[in-house]
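Enquirer: Just dropping this structure here.
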Amino acid sequence: MKRIALLMASIAVTVMLNGCGDKSSSADAAPDFTAVAGDGFVTLTWTAQPGVDYWLFYAKGTGVTTSNWLSLGGSAVINASSPNTISGLTNGTAYSFTMNARKNGGPGGAGAPTQVVTPRFAGAVWTAGTPLGTGKLNGVSAAATTNVAVGTGGAIFASINGAAPTAQTNPSTPVDLNATAFSGAGFLAVGNAGTTIFSTDGATWLARTSSTVADLYGIASPGTGAFVTVGAGGSTNFSADGTTWTATTSATTRNLYAAVHGGGRYVAVGAQGTVITSTDGVAWQAVTVNTTNDLRGVSLGVISTTTGTGTAAVTTTSNRFVAVGAAGTLLTSSDGLTWTLQAPISTNNIAAVAFGGQYVAVGNAGSIYTSADGITWQVRTSGTANDLAAIARTSGGYAAVGAAGTNLSSF
């Protein structure tokens, strides 16, 4: 009886939604819509007519219609509005979309021609935004619908709830800000002379009493509200909430330029091939690596490896730290302790790297590179010749910033 009830319910839903080709339909002609793929999502747009309801149908594969979407395991969006973003999709998998329209509660009209698009990882195609000031932007961070960029002279720009970025007030002495990061508690920005400022929303910033007067260049966070900052002379500092800070015992006196947290470990990198690591952000140890080039950026990604084929295929995942630096220097590690020197990414100096499904690295002369595994890299076109200084994963892709207020995005 339960199976019969479920079958009847499915039939009822299908009959209610499709109405495809009904000659008594009061709907206008099929909507002329556009489907554009993003990173794990597809955005559909069309010109809406007054008094018309639009219903959207989609499924994996290439052949969805207004009548077969349910049998394909697809979904429907009732009374959809343009633009409409369908998220949670699998990158590299084709999805098909169609729509129909109706008036006054009438049945749906003919379905629009099916469009097939394939979501893909962001990082391949870049768009330049309006420059954010004229100074160099040194850091960028993101959380949900808010992005923050910081730079020379204490500049702070924030895009809040998807709005265009605007300048924000810096509560501290306007020295250069060198990095920003988001944790569960909010946004942190740090800069020269130990400058440390904090914001819960990216708009209102408060100065914090720092635990150092050293220039600070990098931030790491486990996402729980805690932060680690690193900087000149091997400065390392810890805060459980972004407000109260303690200087910690570093394992180096060399400048540290970047840090990351992942796999239960902090890793910081810096001048002359310096790598230090900590499990708690307080006690640090030095790690030997096979380079003396300056290391400017570090990130942690999760690598998927598939062995076998068909039903015998087995996919495993593993952590991979990636560190980048001068002259395209590239180091990788599975645990943050043992590092392998890889072939250089390029001859360009690489300033930063981030992971969000794939690794994306940025550097001088507008250089951008992507990699699925952190070892083999592909050159991307950025559309700028300005030096790029920082990159962050955003809710829908990546943001990169650099010299002369350069502001790039990829979705």
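Ligands are numbered from 1 in the order shown, residues from 1 within each chain, and chains are lettered A, B, ... in the order they appear in the structure tokens.
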Tell me, as a list in words, which residues lie within 9 Å of Ala94 (chain A), counting only C-alpha atoms; anything in the same chain fewer than 5 positions away does not count.

Expert: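 Here the answer would be Ala59, Lys60, Gly61, Thr62, Val116, Val117, Thr118 and Pro119 of chain A.
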
Enquirer: Pick out the closest residue to Lys136 (chain A) from this set: A:Tyr398, A:Ala389, A:Thr279, A:Asn319. Count only C-alpha atoms.

Expert: A:Ala389

Enquirer: For each of A:Thr307, A:Asn147, A:Thr229, A:Thr376, take the minimum atom-to-atom distance to Ala259 (chain A), counting only C-alpha atoms, then give the residue where this is smallest.

Expert: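 Among A:Thr307, A:Asn147, A:Thr229, A:Thr376, it is A:Thr229 that comes nearest to Ala259 (chain A).
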
Enquirer: Which residue is closest to Arg208 (chain A)? Choose from A:Ala185, A:Ala400, A:Gly234, A:Thr243 and count only C-alpha atoms.

Expert: A:Thr243

Enquirer: Please identify all polymer residues within 8 Å of region 351-353 of chain A, counting only C-alpha atoms, omitting same-chain residues fewer than 6 positions from it, and present them as a list in words.

Expert: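 The residues that qualify are Arg296, Gly297, Val298, Ser299, Val322, Ala323, Val324, Gly325, Ala326, Tyr359, Val360, Ala361, Val362, Gly363, Asn364, Leu388, Ala389, Ala390 and Ile391 of chain A.
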
Enquirer: Could you check the closest approach to Ala101 (chain A) for each of A:Ala149, A:Leu44, A:Gly129, A:Pro31 and tell me which residue wins, using only C-alpha atoms?

Expert: A:Pro31

Enquirer: Tell me which protein, DNA and RNA residues are within 8 Å of Phe157 (chain A), counting only C-alpha atoms, leaving out same-chain ones fewer than 2 positions away, and put them as a PyMOL selection string.

Expert: chain A and resi 132+148-150+155+159+165-168

Enquirer: Output C-alpha atoms for every residue in the selection just made, as a short mmCIF file (atom, residue, chain, number, x, y, z; two decimals), in the first residue's frame.

Expert:
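Generated file (result_14.cif):
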```
data_model
loop_
_atom_site.label_atom_id
_atom_site.label_comp_id
_atom_site.auth_asym_id
_atom_site.auth_seq_id
_atom_site.Cartn_x
_atom_site.Cartn_y
_atom_site.Cartn_z
CA LEU A 132 39.57 49.62 -4.85
CA VAL A 148 37.09 42.10 2.98
CA ALA A 149 40.26 43.51 1.41
CA VAL A 150 43.00 45.45 3.23
CA ALA A 155 42.86 50.80 3.71
CA SER A 159 31.54 43.97 0.08
CA PRO A 165 32.85 47.07 -2.13
CA THR A 166 33.09 50.30 -0.19
CA ALA A 167 35.80 51.86 1.97
CA GLN A 168 35.49 51.24 5.71
#
```

Enquirer: For region 74-76 of chain A, find every residue with an atom within 10 Å (counting only C-alpha atoms), except residues of its own chain fewer than 5 positions away, and show them as a list of chain:residue names.

Expert: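 Skipping anything fewer than 5 positions along the chain leaves A:Leu17, A:Asn18, A:Trp55, A:Leu56, A:Phe57, A:Tyr58, A:Ala59, A:Lys60, A:Gly61, A:Val64, A:Thr66, A:Asn68, A:Trp69, A:Tyr95, A:Ser96, A:Phe97, A:Thr98, A:Met99.
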
Enquirer: Residues as selected, all heavy atoms, written as a short mmCIF file (atom, residue, chain, number, x, y, z; two decimals), in the first residue's frame, can you do that?

Expert:
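Result file follows (part-v7.cif):
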```cif
data_model
loop_
_atom_site.label_atom_id
_atom_site.label_comp_id
_atom_site.auth_asym_id
_atom_site.auth_seq_id
_atom_site.Cartn_x
_atom_site.Cartn_y
_atom_site.Cartn_z
N LEU A 17 2.57 19.71 -12.39
CA LEU A 17 3.65 20.58 -12.80
C LEU A 17 3.86 20.68 -14.29
O LEU A 17 4.24 21.73 -14.79
CB LEU A 17 4.96 20.11 -12.15
CG LEU A 17 5.08 20.32 -10.65
CD1 LEU A 17 6.41 19.76 -10.15
CD2 LEU A 17 4.99 21.81 -10.30
N ASN A 18 3.68 19.58 -15.02
CA ASN A 18 4.13 19.68 -16.40
C ASN A 18 3.15 20.45 -17.29
O ASN A 18 3.49 21.47 -17.82
CB ASN A 18 4.54 18.33 -16.99
CG ASN A 18 3.41 17.33 -17.07
OD1 ASN A 18 2.34 17.66 -17.54
ND2 ASN A 18 3.67 16.10 -16.63
N TRP A 55 8.07 28.23 -13.94
CA TRP A 55 8.46 27.02 -13.22
C TRP A 55 9.68 26.42 -13.92
O TRP A 55 9.72 26.29 -15.15
CB TRP A 55 7.32 26.01 -13.18
CG TRP A 55 6.17 26.49 -12.29
CD1 TRP A 55 5.99 27.73 -11.78
CD2 TRP A 55 5.07 25.71 -11.86
NE1 TRP A 55 4.86 27.80 -11.04
CE2 TRP A 55 4.25 26.56 -11.06
CE3 TRP A 55 4.67 24.39 -12.05
CZ2 TRP A 55 3.08 26.12 -10.47
CZ3 TRP A 55 3.49 23.95 -11.45
CH2 TRP A 55 2.72 24.81 -10.66
N LEU A 56 10.65 26.06 -13.12
CA LEU A 56 11.95 25.61 -13.61
C LEU A 56 12.12 24.13 -13.30
O LEU A 56 11.79 23.67 -12.20
CB LEU A 56 13.05 26.43 -12.92
CG LEU A 56 14.48 25.96 -12.97
CD1 LEU A 56 15.00 26.01 -14.40
CD2 LEU A 56 15.35 26.85 -12.07
N PHE A 57 12.66 23.38 -14.27
CA PHE A 57 12.86 21.94 -14.13
C PHE A 57 14.31 21.60 -14.49
O PHE A 57 14.82 22.11 -15.49
CB PHE A 57 11.91 21.16 -15.05
CG PHE A 57 10.47 21.56 -14.90
CD1 PHE A 57 9.95 22.64 -15.62
CD2 PHE A 57 9.62 20.86 -14.05
CE1 PHE A 57 8.63 23.02 -15.49
CE2 PHE A 57 8.29 21.24 -13.92
CZ PHE A 57 7.79 22.32 -14.63
N TYR A 58 14.94 20.72 -13.70
CA TYR A 58 16.32 20.35 -14.03
C TYR A 58 16.64 18.95 -13.51
O TYR A 58 15.99 18.45 -12.58
CB TYR A 58 17.32 21.37 -13.48
CG TYR A 58 17.41 21.44 -11.97
CD1 TYR A 58 18.42 20.76 -11.27
CD2 TYR A 58 16.50 22.20 -11.25
CE1 TYR A 58 18.50 20.83 -9.90
CE2 TYR A 58 16.58 22.28 -9.87
CZ TYR A 58 17.59 21.60 -9.19
OH TYR A 58 17.68 21.67 -7.82
N ALA A 59 17.65 18.34 -14.11
CA ALA A 59 18.08 16.99 -13.72
C ALA A 59 19.48 16.76 -14.26
O ALA A 59 19.95 17.45 -15.16
CB ALA A 59 17.12 15.93 -14.24
N LYS A 60 20.15 15.74 -13.72
CA LYS A 60 21.42 15.33 -14.29
C LYS A 60 21.19 14.78 -15.69
O LYS A 60 20.12 14.23 -15.99
CB LYS A 60 22.08 14.25 -13.42
CG LYS A 60 22.63 14.75 -12.09
CD LYS A 60 23.33 13.64 -11.34
CE LYS A 60 23.90 14.14 -10.01
NZ LYS A 60 24.58 13.06 -9.26
N GLY A 61 22.21 14.90 -16.54
CA GLY A 61 22.08 14.41 -17.90
C GLY A 61 21.72 15.51 -18.87
O GLY A 61 21.76 16.70 -18.53
N VAL A 64 16.42 16.68 -19.97
CA VAL A 64 15.26 16.97 -19.13
C VAL A 64 14.19 17.72 -19.91
O VAL A 64 14.49 18.53 -20.80
CB VAL A 64 15.69 17.79 -17.88
CG1 VAL A 64 15.98 19.25 -18.23
CG2 VAL A 64 14.62 17.71 -16.80
N THR A 66 9.76 19.20 -19.31
CA THR A 66 8.78 19.50 -18.27
C THR A 66 7.98 18.28 -17.85
O THR A 66 7.27 18.30 -16.86
CB THR A 66 7.82 20.59 -18.76
OG1 THR A 66 7.17 20.14 -19.94
CG2 THR A 66 8.56 21.89 -19.03
N ASN A 68 9.47 14.83 -18.01
CA ASN A 68 10.25 13.66 -17.57
C ASN A 68 11.19 13.95 -16.40
O ASN A 68 11.93 13.08 -15.98
CB ASN A 68 11.07 13.10 -18.74
CG ASN A 68 12.24 14.00 -19.13
OD1 ASN A 68 12.43 15.07 -18.55
ND2 ASN A 68 13.02 13.58 -20.11
N TRP A 69 11.17 15.19 -15.89
CA TRP A 69 12.13 15.57 -14.84
C TRP A 69 12.06 14.67 -13.63
O TRP A 69 13.09 14.34 -13.02
CB TRP A 69 11.88 17.03 -14.43
CG TRP A 69 10.52 17.25 -13.81
CD1 TRP A 69 9.36 17.49 -14.48
CD2 TRP A 69 10.21 17.23 -12.43
NE1 TRP A 69 8.32 17.61 -13.60
CE2 TRP A 69 8.81 17.47 -12.32
CE3 TRP A 69 10.93 17.03 -11.27
CZ2 TRP A 69 8.16 17.52 -11.10
CZ3 TRP A 69 10.30 17.09 -10.04
CH2 TRP A 69 8.91 17.32 -9.96
N TYR A 95 24.25 18.92 -16.39
CA TYR A 95 22.86 19.08 -15.95
C TYR A 95 22.08 19.75 -17.07
O TYR A 95 22.60 20.61 -17.78
CB TYR A 95 22.77 19.94 -14.69
CG TYR A 95 23.36 19.32 -13.44
CD1 TYR A 95 24.73 19.38 -13.22
CD2 TYR A 95 22.56 18.69 -12.50
CE1 TYR A 95 25.29 18.81 -12.08
CE2 TYR A 95 23.10 18.13 -11.36
CZ TYR A 95 24.47 18.19 -11.16
OH TYR A 95 25.02 17.63 -10.03
N SER A 96 20.81 19.36 -17.21
CA SER A 96 19.96 19.99 -18.21
C SER A 96 18.82 20.74 -17.52
O SER A 96 18.34 20.34 -16.45
CB SER A 96 19.41 18.96 -19.20
OG SER A 96 18.83 17.85 -18.53
N PHE A 97 18.38 21.84 -18.17
CA PHE A 97 17.40 22.74 -17.58
C PHE A 97 16.35 23.10 -18.64
O PHE A 97 16.66 23.25 -19.82
CB PHE A 97 18.07 24.04 -17.11
CG PHE A 97 19.09 23.83 -16.02
CD1 PHE A 97 20.37 23.41 -16.33
CD2 PHE A 97 18.75 24.05 -14.70
CE1 PHE A 97 21.31 23.22 -15.33
CE2 PHE A 97 19.68 23.86 -13.70
CZ PHE A 97 20.97 23.44 -14.00
N THR A 98 15.12 23.26 -18.19
CA THR A 98 14.06 23.80 -19.03
C THR A 98 13.09 24.57 -18.14
O THR A 98 13.17 24.48 -16.89
CB THR A 98 13.33 22.71 -19.82
OG1 THR A 98 12.43 23.33 -20.74
CG2 THR A 98 12.54 21.78 -18.90
N MET A 99 12.19 25.31 -18.76
CA MET A 99 11.22 26.11 -18.02
C MET A 99 9.91 26.13 -18.79
O MET A 99 9.88 25.91 -20.01
CB MET A 99 11.71 27.56 -17.86
CG MET A 99 12.99 27.75 -17.10
SD MET A 99 13.48 29.49 -17.09
CE MET A 99 12.10 30.22 -16.20
#
```

Enquirer: Which is closest to Val36 (chain A) among A:Arg120, A:Arg380, A:His261, A:Arg393, if we use only C-alpha atoms?

Expert: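 Smallest distance to Val36 (chain A) is found for A:Arg120.
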
Enquirer: Using DSSP on the backbone, list every residue of region 82-128 of chain A that comes out as strand (DSSP E), and give them as a list of chain:residue names.

Expert: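 Result set for region 82-128 of chain A (strand (DSSP E)): A:Asn84, A:Thr85, A:Ile86, A:Ser87, A:Tyr95, A:Ser96, A:Phe97, A:Thr98, A:Met99, A:Asn100, A:Ala101, A:Arg102, A:Lys103, A:Gln115, A:Val116, A:Val117, A:Thr127, A:Ala128.
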
Enquirer: Write out, as a PDB file, in the first residue's frame, the residues just selected, with C-alpha atoms.

Expert:
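File produced: result.pdb:
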```
ATOM      1  CA  ASN A  84      17.692  31.903 -10.032  1.00  0.00           C
ATOM      2  CA  THR A  85      20.748  30.045  -8.752  1.00  0.00           C
ATOM      3  CA  ILE A  86      20.688  26.264  -8.354  1.00  0.00           C
ATOM      4  CA  SER A  87      23.468  25.293  -5.947  1.00  0.00           C
ATOM      5  CA  TYR A  95      22.862  19.075 -15.947  1.00  0.00           C
ATOM      6  CA  SER A  96      19.955  19.993 -18.215  1.00  0.00           C
ATOM      7  CA  PHE A  97      17.396  22.742 -17.584  1.00  0.00           C
ATOM      8  CA  THR A  98      14.062  23.801 -19.026  1.00  0.00           C
ATOM      9  CA  MET A  99      11.218  26.112 -18.020  1.00  0.00           C
ATOM     10  CA  ASN A 100       7.593  26.827 -18.760  1.00  0.00           C
ATOM     11  CA  ALA A 101       5.228  29.640 -17.926  1.00  0.00           C
ATOM     12  CA  ARG A 102       1.617  30.003 -16.777  1.00  0.00           C
ATOM     13  CA  LYS A 103      -0.934  32.716 -15.966  1.00  0.00           C
ATOM     14  CA  GLN A 115      19.895  23.823 -22.121  1.00  0.00           C
ATOM     15  CA  VAL A 116      22.787  21.663 -20.916  1.00  0.00           C
ATOM     16  CA  VAL A 117      25.599  23.110 -18.779  1.00  0.00           C
ATOM     17  CA  THR A 127      36.848  39.228 -14.129  1.00  0.00           C
ATOM     18  CA  ALA A 128      38.336  42.560 -13.055  1.00  0.00           C
TER      19      ALA A 128
END
```

Enquirer: Show which residues sit within 10 Å of Ala124 (chain A), as a list in words. Count only C-alpha atoms, and ignore same-chain residues fewer than 3 positions away.

Expert: Arg120, Phe121, Val360, Ile368, Tyr369, Thr370, Gln378, Val379, Arg380, Thr381, Ser382, Ser410 and Phe411 of chain A

Enquirer: Would you mind reading off the distance between CA of Thr249 (chain A) and CA of Gly154 (chain A), one decimal, in Å?

Expert: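 Between these atoms lies a distance of 27.8 Å.
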
Enquirer: Enumerate, in order of chain and increasing residue number, the residues of region 240-316 of chain A with an atom no farther than 9 Å from region 327-330 of chain A, each with its shortest atom pair and distance in Å to one decimal, counting only C-alpha atoms, as a Markdown table.

Expert:
```
| residue | atom | partner | partner_atom | distance |
| --- | --- | --- | --- | --- |
| A:Thr291 | CA | A:Thr329 | CA | 8.2 |
| A:Asn293 | CA | A:Thr329 | CA | 7.1 |
| A:Asp294 | CA | A:Thr329 | CA | 8.3 |
| A:Leu295 | CA | A:Thr329 | CA | 7.5 |
```

Enquirer: Go ahead and save the residues from that selection, with N, CA, C and O atoms, as a PDB file, in the first residue's frame.

Expert:
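File out07.pdb, as written:
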```pdb
ATOM      1  N   THR A 291      64.916  24.048   0.288  1.00  0.00           N
ATOM      2  CA  THR A 291      65.024  25.287  -0.470  1.00  0.00           C
ATOM      3  C   THR A 291      65.420  26.415   0.481  1.00  0.00           C
ATOM      4  O   THR A 291      65.100  26.360   1.680  1.00  0.00           O
ATOM      5  N   ASN A 293      64.796  29.598  -0.847  1.00  0.00           N
ATOM      6  CA  ASN A 293      64.002  30.686  -1.415  1.00  0.00           C
ATOM      7  C   ASN A 293      62.941  31.135  -0.418  1.00  0.00           C
ATOM      8  O   ASN A 293      62.421  30.333   0.373  1.00  0.00           O
ATOM      9  N   ASP A 294      62.601  32.418  -0.461  1.00  0.00           N
ATOM     10  CA  ASP A 294      61.529  32.914   0.394  1.00  0.00           C
ATOM     11  C   ASP A 294      60.216  32.213   0.044  1.00  0.00           C
ATOM     12  O   ASP A 294      59.872  32.056  -1.137  1.00  0.00           O
ATOM     13  N   LEU A 295      59.488  31.818   1.086  1.00  0.00           N
ATOM     14  CA  LEU A 295      58.162  31.223   0.926  1.00  0.00           C
ATOM     15  C   LEU A 295      57.131  32.255   1.338  1.00  0.00           C
ATOM     16  O   LEU A 295      57.203  32.801   2.441  1.00  0.00           O
TER      17      LEU A 295
END
```

Enquirer: When you draw a straight line from CA of Tyr54 (chain A) to CA of Ile78 (chain A), how long is it in Å?

Expert: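 That distance, rounded to one decimal, is 6.9 Å.
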
Enquirer: Enumerate the residues of region 7-248 of chain A with a DSSP assignment of alpha helix (DSSP H), computed from the backbone, and present them as number ranges by chain.

Expert: A: 7-17

Enquirer: Restricting it to all heavy atoms, dump the selection as a PDB file, in the first residue's frame.

Expert:
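The resulting result.pdb:
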```pdb
ATOM      1  N   LEU A   7       3.560   6.079  -5.484  1.00  0.00           N
ATOM      2  CA  LEU A   7       3.417   6.165  -6.931  1.00  0.00           C
ATOM      3  C   LEU A   7       2.330   7.160  -7.312  1.00  0.00           C
ATOM      4  O   LEU A   7       2.516   7.996  -8.207  1.00  0.00           O
ATOM      5  CB  LEU A   7       3.094   4.780  -7.501  1.00  0.00           C
ATOM      6  CG  LEU A   7       2.864   4.728  -9.023  1.00  0.00           C
ATOM      7  CD1 LEU A   7       4.110   5.197  -9.761  1.00  0.00           C
ATOM      8  CD2 LEU A   7       2.488   3.311  -9.435  1.00  0.00           C
ATOM      9  N   MET A   8       1.179   7.095  -6.619  1.00  0.00           N
ATOM     10  CA  MET A   8       0.086   8.008  -6.920  1.00  0.00           C
ATOM     11  C   MET A   8       0.479   9.445  -6.632  1.00  0.00           C
ATOM     12  O   MET A   8       0.123  10.363  -7.383  1.00  0.00           O
ATOM     13  CB  MET A   8      -1.156   7.623  -6.102  1.00  0.00           C
ATOM     14  CG  MET A   8      -1.729   6.259  -6.485  1.00  0.00           C
ATOM     15  SD  MET A   8      -2.187   6.157  -8.242  1.00  0.00           S
ATOM     16  CE  MET A   8      -3.513   7.343  -8.280  1.00  0.00           C
ATOM     17  N   ALA A   9       1.271   9.655  -5.558  1.00  0.00           N
ATOM     18  CA  ALA A   9       1.711  11.006  -5.229  1.00  0.00           C
ATOM     19  C   ALA A   9       2.629  11.555  -6.308  1.00  0.00           C
ATOM     20  O   ALA A   9       2.530  12.720  -6.711  1.00  0.00           O
ATOM     21  CB  ALA A   9       2.435  11.014  -3.881  1.00  0.00           C
ATOM     22  N   SER A  10       3.544  10.707  -6.819  1.00  0.00           N
ATOM     23  CA  SER A  10       4.456  11.142  -7.871  1.00  0.00           C
ATOM     24  C   SER A  10       3.688  11.513  -9.132  1.00  0.00           C
ATOM     25  O   SER A  10       3.980  12.502  -9.801  1.00  0.00           O
ATOM     26  CB  SER A  10       5.476  10.041  -8.186  1.00  0.00           C
ATOM     27  OG  SER A  10       6.299   9.793  -7.069  1.00  0.00           O
ATOM     28  N   ILE A  11       2.693  10.673  -9.478  1.00  0.00           N
ATOM     29  CA  ILE A  11       1.893  10.954 -10.666  1.00  0.00           C
ATOM     30  C   ILE A  11       1.142  12.272 -10.502  1.00  0.00           C
ATOM     31  O   ILE A  11       1.094  13.097 -11.433  1.00  0.00           O
ATOM     32  CB  ILE A  11       0.900   9.803 -10.923  1.00  0.00           C
ATOM     33  CG1 ILE A  11       1.671   8.528 -11.323  1.00  0.00           C
ATOM     34  CG2 ILE A  11      -0.098  10.189 -12.004  1.00  0.00           C
ATOM     35  CD1 ILE A  11       0.794   7.307 -11.423  1.00  0.00           C
ATOM     36  N   ALA A  12       0.615  12.508  -9.319  1.00  0.00           N
ATOM     37  CA  ALA A  12      -0.125  13.746  -9.074  1.00  0.00           C
ATOM     38  C   ALA A  12       0.764  14.961  -9.216  1.00  0.00           C
ATOM     39  O   ALA A  12       0.381  15.973  -9.813  1.00  0.00           O
ATOM     40  CB  ALA A  12      -0.744  13.705  -7.676  1.00  0.00           C
ATOM     41  N   VAL A  13       1.979  14.876  -8.673  1.00  0.00           N
ATOM     42  CA  VAL A  13       2.917  15.992  -8.775  1.00  0.00           C
ATOM     43  C   VAL A  13       3.279  16.251 -10.219  1.00  0.00           C
ATOM     44  O   VAL A  13       3.324  17.386 -10.699  1.00  0.00           O
ATOM     45  CB  VAL A  13       4.198  15.715  -7.944  1.00  0.00           C
ATOM     46  CG1 VAL A  13       5.274  16.747  -8.251  1.00  0.00           C
ATOM     47  CG2 VAL A  13       3.870  15.715  -6.465  1.00  0.00           C
ATOM     48  N   THR A  14       3.534  15.170 -10.973  1.00  0.00           N
ATOM     49  CA  THR A  14       3.910  15.322 -12.378  1.00  0.00           C
ATOM     50  C   THR A  14       2.792  15.973 -13.176  1.00  0.00           C
ATOM     51  O   THR A  14       3.023  16.882 -13.971  1.00  0.00           O
ATOM     52  CB  THR A  14       4.263  13.954 -12.984  1.00  0.00           C
ATOM     53  OG1 THR A  14       5.299  13.364 -12.202  1.00  0.00           O
ATOM     54  CG2 THR A  14       4.739  14.094 -14.416  1.00  0.00           C
ATOM     55  N   VAL A  15       1.575  15.518 -12.960  1.00  0.00           N
ATOM     56  CA  VAL A  15       0.440  16.087 -13.676  1.00  0.00           C
ATOM     57  C   VAL A  15       0.270  17.561 -13.341  1.00  0.00           C
ATOM     58  O   VAL A  15       0.018  18.404 -14.209  1.00  0.00           O
ATOM     59  CB  VAL A  15      -0.843  15.299 -13.340  1.00  0.00           C
ATOM     60  CG1 VAL A  15      -2.074  16.032 -13.889  1.00  0.00           C
ATOM     61  CG2 VAL A  15      -0.767  13.898 -13.915  1.00  0.00           C
ATOM     62  N   MET A  16       0.448  17.909 -12.077  1.00  0.00           N
ATOM     63  CA  MET A  16       0.269  19.296 -11.653  1.00  0.00           C
ATOM     64  C   MET A  16       1.305  20.207 -12.279  1.00  0.00           C
ATOM     65  O   MET A  16       1.011  21.317 -12.714  1.00  0.00           O
ATOM     66  CB  MET A  16       0.373  19.393 -10.125  1.00  0.00           C
ATOM     67  CG  MET A  16       0.256  20.838  -9.615  1.00  0.00           C
ATOM     68  SD  MET A  16       0.568  20.961  -7.849  1.00  0.00           S
ATOM     69  CE  MET A  16       2.356  20.754  -7.840  1.00  0.00           C
ATOM     70  N   LEU A  17       2.565  19.710 -12.385  1.00  0.00           N
ATOM     71  CA  LEU A  17       3.652  20.579 -12.796  1.00  0.00           C
ATOM     72  C   LEU A  17       3.863  20.681 -14.288  1.00  0.00           C
ATOM     73  O   LEU A  17       4.238  21.735 -14.789  1.00  0.00           O
ATOM     74  CB  LEU A  17       4.965  20.112 -12.148  1.00  0.00           C
ATOM     75  CG  LEU A  17       5.078  20.325 -10.647  1.00  0.00           C
ATOM     76  CD1 LEU A  17       6.407  19.760 -10.152  1.00  0.00           C
ATOM     77  CD2 LEU A  17       4.987  21.807 -10.300  1.00  0.00           C
TER      78      LEU A  17
END
```

Enquirer: So, counting only C-alpha atoms, which residue among A:Val190, A:Val267, A:Ala179, A:Val228 is closest to Val213 (chain A)?

Expert: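 Looking at the shortest contact to Val213 (chain A), the residue is A:Val190.
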
Enquirer: One decimal, Å: what's the distance from CA of Ser334 (chain A) over to CA of Arg320 (chain A), could you say?

Expert: 4.6 Å

Enquirer: Please identify all polymer residues within 12 Å of Asp241 (chain A), counting only C-alpha atoms, omitting same-chain residues fewer than 6 positions from it, and present them as a CSV table (one decimal) with C-alpha atoms, in the first residue's frame.

Expert:
```csv
chain,number,residue,atom,x,y,z
A,182,PHE,CA,37.8,35.2,8.9
A,183,SER,CA,37.1,32.9,11.8
A,184,GLY,CA,33.9,31.9,13.6
A,185,ALA,CA,34.1,35.1,15.7
A,186,GLY,CA,34.6,37.5,12.8
A,187,PHE,CA,37.2,39.2,10.6
A,188,LEU,CA,40.8,40.0,11.7
A,198,PHE,CA,38.7,43.1,14.5
A,199,SER,CA,35.2,43.2,13.0
A,200,THR,CA,32.2,40.9,13.5
A,208,ARG,CA,42.8,45.4,19.7
A,221,SER,CA,42.5,30.2,11.8
A,222,PRO,CA,40.9,26.9,12.6
A,223,GLY,CA,37.5,28.5,12.0
A,224,THR,CA,36.5,28.2,15.7
A,225,GLY,CA,37.1,31.9,16.6
A,226,ALA,CA,40.8,31.4,17.3
A,227,PHE,CA,43.6,33.1,15.3
A,228,VAL,CA,47.4,32.8,15.0
```
